[in-house]
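The block underneath contains the structure these notes are about, expressed in structure tokens.
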Amino acid sequence: MLPAELTPFIGRRKEATEVRRLLESSRLLTLTGPGGIGKTRLALHTARKRHRAFPGGVWYVDLSTLTDPSLLPQTVSAAMGLPDVSTTSRTEPPTDHLAGRQGLLVLDNCEHLVDGCAHLARTLLRASEGLRILATSRQPLGLEGEQIFQVPPLTVPLEPSAGEPAEVLMRYESVSLFVSRAQAVFPEFRLDADTCPAVARLCRDLEGIPLAIELAAVRMRSLSVAQIAARLDDRFKLLTIGHRAHDTRQTSLTAMVEWSYDLLDPLDRTLWARLTVFAGGFDLAAAEAVCCDDDLPAEELLDRLHSLVEKSIVIRDDDSTGVRYCMLDTLRQFGRGRLDESGELEMIRARHRDWCGALASQATTGWAESEQRHWSRRLRSERHNLRAAIEYCLTTPNEAVSGLHLTADLWPFWLAHAVGEGRRHVERLLAALPRGAAADAARARGLWLAGWLGFYQGDVEAARRHGQESRALAERLGDDRSRAYATYVLGLSAACDHDYPEARSLLSAARDHHEVTGDLPGRWLATADLAGVLGVLGEIDAGVELCGPVIEQCARRGARWNQSYLLWVLADLRRRQGDLDEATRLLKEILDINRDFEDPTVIGACLESLSWVATRRTEAASVAWLLGAAHATWGKAGISLLRYATWGEEHTNACEYARESLGEAAFEEAYQRGARMTPTATIDHVLAKPTKASPREPRVTANVEQLTPRELEIAELITEGLTNKKIAQRLIIAQRTAEGHVERILRKLGCTSRAQVAAWWTSRTAS
């Protein structure tokens, strides 16, 4: 007999459908996941919905309070309503009772009795061909033929969600659950404009874990939702009051997690605690470098990590760099507490800092080789770990020097992906430096980096000031590498001041310094800017001649990021020569390269340059949306480069031409359309649009009436660069539904790619 539901079953429509499908094709289905994720509710909901398919009976067995595996047969027999057949309890499974029956047995909470449950399930399934078993456990039972379904958290609002109205937020399962449970204990509660931001934050911070959300809702008896959300940093103290239940694990978040912790072997506990120093994920090599020592030998790591994955403590979370792992923040906070109690916290954080430092050093070396694409992706994957290591250096005495060296080694990452963040880190570290020779060496590096990043943000005064101080300090210390970068930063500042002879002198000197130190990426960048300054001075042929061999060198070495900078300068030189087709071809090549790097500086510069080319071609509508897309790309990244050389003049000229040609209203509409597009969508659109020198793609001629309102909505999201998964999240629909809409859009428009859909949408809205 199934226990009655005391509260409504909310959400899980997709998961419930999938579990029912799997149960039809599998005789043993195990729902896995961390504690509180909702395995029991989903299993019981499935059993209720499918009970008519099992005329032989549906039986529910709660094993949470059972500690002796020898009592499993008796417990199952009792759940089936069978009497004892002797003066002692049953010692054999009820195979006779199940013979010939088509039934469903739900075994709930198997994790602490995995071996016994596996033996029981094997025996019962062999004895009765009509039996199916639906188990819930924090780890699989490990039987042949077992089908495993990992129960995910409830859907949560995406960040930012501050502007989403209540009716939209209620479509997220976590929000719907919180509101339902909150109103049960505090009927006056309403989800409205005042409470929406706090509820969205609460559901995100609790990661969609149903138990945590329900425990938070109980606090509505005495706190507002804003007060609850503000206290979630100490969630293990806050979420300790629940409804009275026979299972004490369900009345406290701490008890729920401690149950998992107590079931682990000592080495598993040690690894769980040590892994909490990682932020945002880790791979196997990182875990070995940080977590292994005499107490946790490296040869044990793979088995221990596998055990934590099996027990739903650690989640496999692969990305473009390979196999990675992560942990729900609730479990991470608990493990961090155990690490602190063990006295190992500072030791493991220092190891984590050392690992991040070694990673940054490897990335700097790899940036001169054919590994730029790899390191760009790798550093993006490790972004949260790098932040954690830098924060450790900022908050730990005498660590600012090592933090500054780590941050300086990451200069390619900051330039390509996080200009503003990099500048904040380096300036905080500079302020935290002590006195002494070691600090001065770190200061010389930090100053040129702070100046360089300041230049990218349009803070030319800071770039000049930091560059001068870095160069003077580097010359005193005999640090040729820092002198080269400081001189380069001063050359950029001179170009912003329109002192082009001085800019040429400084950039040429920086190039020579980099040649001496053997710093190829630095030399390539100085060459690119020197060629650009030559173009402004009217020495265009000299600039082209300077670029050519270095572009070839970058291509041979596979240094695609540096190559894209040089190609941008070459494209601008070709534009100045009047070869607009070649300039456009080069700019498109750069954008194609940046499908991998996603560097907003380069992407924004290319879009600006394309708007200047379009101005020369009198294509006013293209000029407007390109300017909007460039502004949005730079604006979101905090980049401002219009003070550099003649860029500001070119930008102003393009804006004035487009405004005069289109009129203010049409210009603003096209500009905003470009600003709404994501960099990925913009690249797709630009690369789908043929140049005058290239063959045209088939033209999409469909009328707007052919698409439904929902399909038009999705076509616009495709133009913004959203994947099917992101479209589904934005519209609160199933991913399969989104995929079906996209397929119908392609078919109706006669398109073969999403890029063609984006091009059609852009041309439609521009007309």
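Chains: A, B, ... in order of the structure tokens. Residues: from 1 per chain. Ligands: from 1, in order shown.
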Do a neighbour search on A:Trp452 at 8 Å with only C-alpha atoms, toss out local chain neighbours closer than 6 positions, and write the hits as a PDB file with N, CA and C atoms, in the first residue's frame.
ATOM      1  N   ALA A 463      46.427  54.200 -17.513  1.00  0.00           N
ATOM      2  CA  ALA A 463      47.370  53.428 -18.329  1.00  0.00           C
ATOM      3  C   ALA A 463      48.722  54.127 -18.377  1.00  0.00           C
ATOM      4  N   GLY A 467      51.968  52.694 -16.493  1.00  0.00           N
ATOM      5  CA  GLY A 467      53.041  52.333 -17.417  1.00  0.00           C
ATOM      6  C   GLY A 467      54.344  53.012 -17.056  1.00  0.00           C
ATOM      7  N   VAL A 489      52.530  49.525 -23.128  1.00  0.00           N
ATOM      8  CA  VAL A 489      51.372  50.230 -22.577  1.00  0.00           C
ATOM      9  C   VAL A 489      51.513  51.738 -22.802  1.00  0.00           C
TER      10      VAL A 489
END
Discussion item. Can you tell me which residues surround A:Ala198 at a distance of at most 10 Å, considering only C-alpha atoms, apart from same-chain residues fewer than 2 positions away, and format the answer as a ChimeraX atom specification?
Written reply: /A:162,191,193-196,200-204,224-230
Discussion item. Applying 12 Å and only C-alpha atoms, which residues near A:Arg122 remain after dropping the ones on its own chain fewer than 3 positions away? List them as number ranges by chain.
Written reply: A: 27-28, 93, 95, 115-119, 125-129, 131-133, 141-146
All residues 7 Å or closer to A:Asn724, only C-alpha atoms, same chain fewer than 6 positions away omitted, as a CSV table (one decimal) with N, CA, C and O atoms, in the first residue's frame:
chain,number,residue,atom,x,y,z
A,735,GLN,N,12.7,21.0,-23.8
A,735,GLN,CA,13.7,21.2,-24.9
A,735,GLN,C,13.2,20.5,-26.2
A,735,GLN,O,13.4,21.0,-27.3
A,738,ALA,N,11.0,22.8,-28.0
A,738,ALA,CA,11.8,23.8,-28.7
A,738,ALA,C,12.4,23.3,-30.0
A,738,ALA,O,12.5,24.0,-31.0
A,739,GLU,N,13.0,22.1,-29.9
A,739,GLU,CA,13.6,21.5,-31.0
A,739,GLU,C,12.6,21.3,-32.2
A,739,GLU,O,12.9,21.5,-33.4
Near A:Thr737, counting only C-alpha atoms, which residues have an atom at most 10 Å away, once you skip same-chain residues fewer than 6 positions from it, shown as a PDB file with C-alpha atoms, in the first residue's frame?
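Output below, filename out-v4.pdb:
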ATOM      1  CA  ASN A 724      17.523  24.914 -28.166  1.00  0.00           C
ATOM      2  CA  ILE A 727      15.260  28.707 -25.786  1.00  0.00           C
ATOM      3  CA  ALA A 728      13.443  26.090 -23.719  1.00  0.00           C
ATOM      4  CA  GLU A 743      12.684  22.187 -37.164  1.00  0.00           C
TER       5      GLU A 743
END
Item to complete: Could you check how far atom CA of A:Thr652 sits from atom CA of A:Val536, in Å to one decimal?
Response: 16.9 Å
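Between A:Arg378 and the candidates A:Asp596, A:Asp581, A:Asp265, A:Glu214, the tightest atom-to-atom separation, counting only C-alpha atoms, involves A:Asp596.
Here the strand (DSSP E or B) residues in stretch 244-349 of chain A, by DSSP on the backbone, are A:Phe282, A:Ile315, A:Arg316, A:Asp319, A:Gly322, A:Tyr325, A:Cys326.
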Same residues, N, CA, C and O atoms, saved as a PDB file, in the first residue's frame:
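Writing done, so here's result_13.pdb:
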ATOM      1  N   PHE A 282      36.232  20.835 -11.110  1.00  0.00           N
ATOM      2  CA  PHE A 282      37.626  20.399 -11.126  1.00  0.00           C
ATOM      3  C   PHE A 282      37.730  19.165 -12.007  1.00  0.00           C
ATOM      4  O   PHE A 282      36.727  18.523 -12.332  1.00  0.00           O
ATOM      5  N   ILE A 315      29.209  15.315  -8.730  1.00  0.00           N
ATOM      6  CA  ILE A 315      28.478  15.165  -9.995  1.00  0.00           C
ATOM      7  C   ILE A 315      29.461  15.283 -11.151  1.00  0.00           C
ATOM      8  O   ILE A 315      30.279  16.209 -11.179  1.00  0.00           O
ATOM      9  N   ARG A 316      29.393  14.363 -12.078  1.00  0.00           N
ATOM     10  CA  ARG A 316      30.185  14.508 -13.299  1.00  0.00           C
ATOM     11  C   ARG A 316      29.546  15.593 -14.159  1.00  0.00           C
ATOM     12  O   ARG A 316      28.351  15.560 -14.436  1.00  0.00           O
ATOM     13  N   ASP A 319      32.675  19.460 -19.782  1.00  0.00           N
ATOM     14  CA  ASP A 319      32.561  20.624 -20.651  1.00  0.00           C
ATOM     15  C   ASP A 319      33.501  20.442 -21.832  1.00  0.00           C
ATOM     16  O   ASP A 319      33.994  19.339 -22.084  1.00  0.00           O
ATOM     17  N   GLY A 322      36.910  18.587 -21.345  1.00  0.00           N
ATOM     18  CA  GLY A 322      37.000  17.179 -20.997  1.00  0.00           C
ATOM     19  C   GLY A 322      36.135  16.818 -19.800  1.00  0.00           C
ATOM     20  O   GLY A 322      35.167  17.503 -19.484  1.00  0.00           O
ATOM     21  N   TYR A 325      34.173  17.543 -12.766  1.00  0.00           N
ATOM     22  CA  TYR A 325      33.290  17.192 -11.668  1.00  0.00           C
ATOM     23  C   TYR A 325      32.916  18.462 -10.904  1.00  0.00           C
ATOM     24  O   TYR A 325      33.649  19.452 -10.907  1.00  0.00           O
ATOM     25  N   CYS A 326      31.771  18.424 -10.254  1.00  0.00           N
ATOM     26  CA  CYS A 326      31.355  19.547  -9.422  1.00  0.00           C
ATOM     27  C   CYS A 326      30.541  19.017  -8.246  1.00  0.00           C
ATOM     28  O   CYS A 326      30.290  17.816  -8.142  1.00  0.00           O
TER      29      CYS A 326
END
Fill in: d(atom CA of A:Leu72, atom CA of A:Leu44) in Å
19.8 Å
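Of the residues under consideration (A:Ile683, A:Ala495, A:Ala368, A:Leu406), A:Ala368 shows the shortest atom-to-atom contact distance to A:Leu520 when counting only C-alpha atoms.
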Discussion item. Taking only stretch 27-194 of chain A into account, list the residues labelled alpha helix (DSSP H) by DSSP (computed from the backbone), as an MDAnalysis selection string.
Written reply: chainID A and resid 39:49 72:79 95:98 114:127 166:169 173:185
Worksheet item: Looking at A:Met347, A:Gly422, A:Pro8, A:Ala47, which one is nearest to A:Arg181, with distances taken over only C-alpha atoms?
Response: A:Pro8
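One finds atom CA of A:Ala360 at 27.1 Å from atom CA of A:Thr270.
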Discussion item. Please list as a PyMOL selection string every residue within 9 Å of A:Glu15, counting only C-alpha atoms and excluding residues in the same chain fewer than 3 positions away.
Written reply: chain A and resi 11-12+18-20+42+151-152
Worksheet item: Which polymer residues have any atom within 12 Å of an atom of A:Thr407, counting only C-alpha atoms, with same-chain residues fewer than 4 positions away left out, as a PyMOL selection string?
Response: chain A and resi 353+356-361+363-364+383+386-391+393-394+400-403+411-415+418+421-430+442-443+445-450
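Among the candidate residues A:Phe178, A:Tyr172, A:Tyr456, A:Tyr261, the one lying nearest to A:Met220 is A:Phe178, with distances computed using only C-alpha atoms.
For the set A:Arg574, A:Arg48, A:Thr527, A:Pro34, the residue with the smallest atom-to-atom gap to A:Val309 is A:Pro34, counting only C-alpha atoms.
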Response to the item:
Judged by only C-alpha atoms, the minimum distance to A:Ile733 among A:Gly648, A:Pro397, A:Val460, A:Lys14 is found for A:Lys14
